[in-house]
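Accompanying notes for the structure given below.
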Amino acid sequence: MISLFLKCLLGALAVLLIALLSKSRSFFISGLVPLFPTFALIAHYIVGTERTMADLRVTALFGLYSLIPYAAYLIAVYFFSYKYSLTWTLSLASAVWVAFAFLLLVGWTRFYSV
């Protein structure tokens, strides 16, 4: 139960840091905070303790490929922000992320055999 609380605390600290940075002169740094591997560290620790090191390597490799949907999301936010309101921009960009994540999962399960 304590480990679950600590994991939640890490996420809350990341959100707090994003909120504080977004109000500063260096607001753009708030876009870097989500890229700190908070949740990746948690996932890698769990996989590393419950599975083999080979499984950890597969998880890390899949994590590299997961940058593709994230990049698609960021590109969509950038371009949609010229034409749409904030709500529409983020909604459409999220839909782009879901589409790319779906394609990644389909491609991964089809072409990568564990």
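Identifiers for the structure tokens are assigned positionally: chains receive A, B, ... in sequence, residues are indexed from 1 per chain, and ligands are indexed from 1 in the order shown.
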
**Item:** Residue contacts of segment 10-14 of chain A (10 Å, only C-alpha atoms) excluding same-chain residues fewer than 5 positions away, as a list of chain:residue names
**Value:** A:Phe5, A:Ala19, A:Leu20, A:Ser30, A:Val33, A:Pro34, A:Phe36, A:Thr38, A:Phe39, A:Ile42

With a distance cut-off of 7 Å and only C-alpha atoms, select the neighbouring residues of segment 95-112 of chain A, excluding the residue or stretch itself and same-chain residues fewer than 3 positions from it, and output the selection as a list of chain:residue names.
->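 Here the qualifying residues turn out to be A:Pro69, A:Tyr70, A:Ala72, A:Tyr73, A:Ser91, A:Leu92.
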
Practice task
Would you please work out which residue, of A:Leu41, A:Ala93, A:Ile29, A:Leu6, is nearest to Tyr78 of chain A when using only C-alpha atoms?
Solution key: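 Among A:Leu41, A:Ala93, A:Ile29, A:Leu6, it is A:Ala93 that comes nearest to Tyr78 of chain A.
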
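The interatomic distance for the pair atom CA of Tyr65 of chain A and atom CA of Ala40 of chain A works out to 13.4 Å.
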
Exercise. Enumerate the residues of chain A with a DSSP assignment of helix (DSSP H, G or I), computed from the backbone, and present them as a PyMOL selection string.
Key: chain A and resi 2-22+27-31+33-35+38-50+53-65+67-80+86-111

**Prompt:** Suppose you want the space between atom CA of Met1 of chain A and atom CA of Val15 of chain A; what is it in Å?
**Reply:**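 Computed distance, atom CA of Met1 of chain A to atom CA of Val15 of chain A, equals 21.5 Å.
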
A straight line from atom CA of Ala43 of chain A to atom CA of Arg57 of chain A spans 12.0 Å

Q: Can you work out which one of A:Val58, A:Ser22, A:Met53, A:Ser94 has the shortest atom-to-atom distance to Phe80 of chain A, counting only C-alpha atoms?
A: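 The answer is A:Ser94, which sits nearest to Phe80 of chain A.
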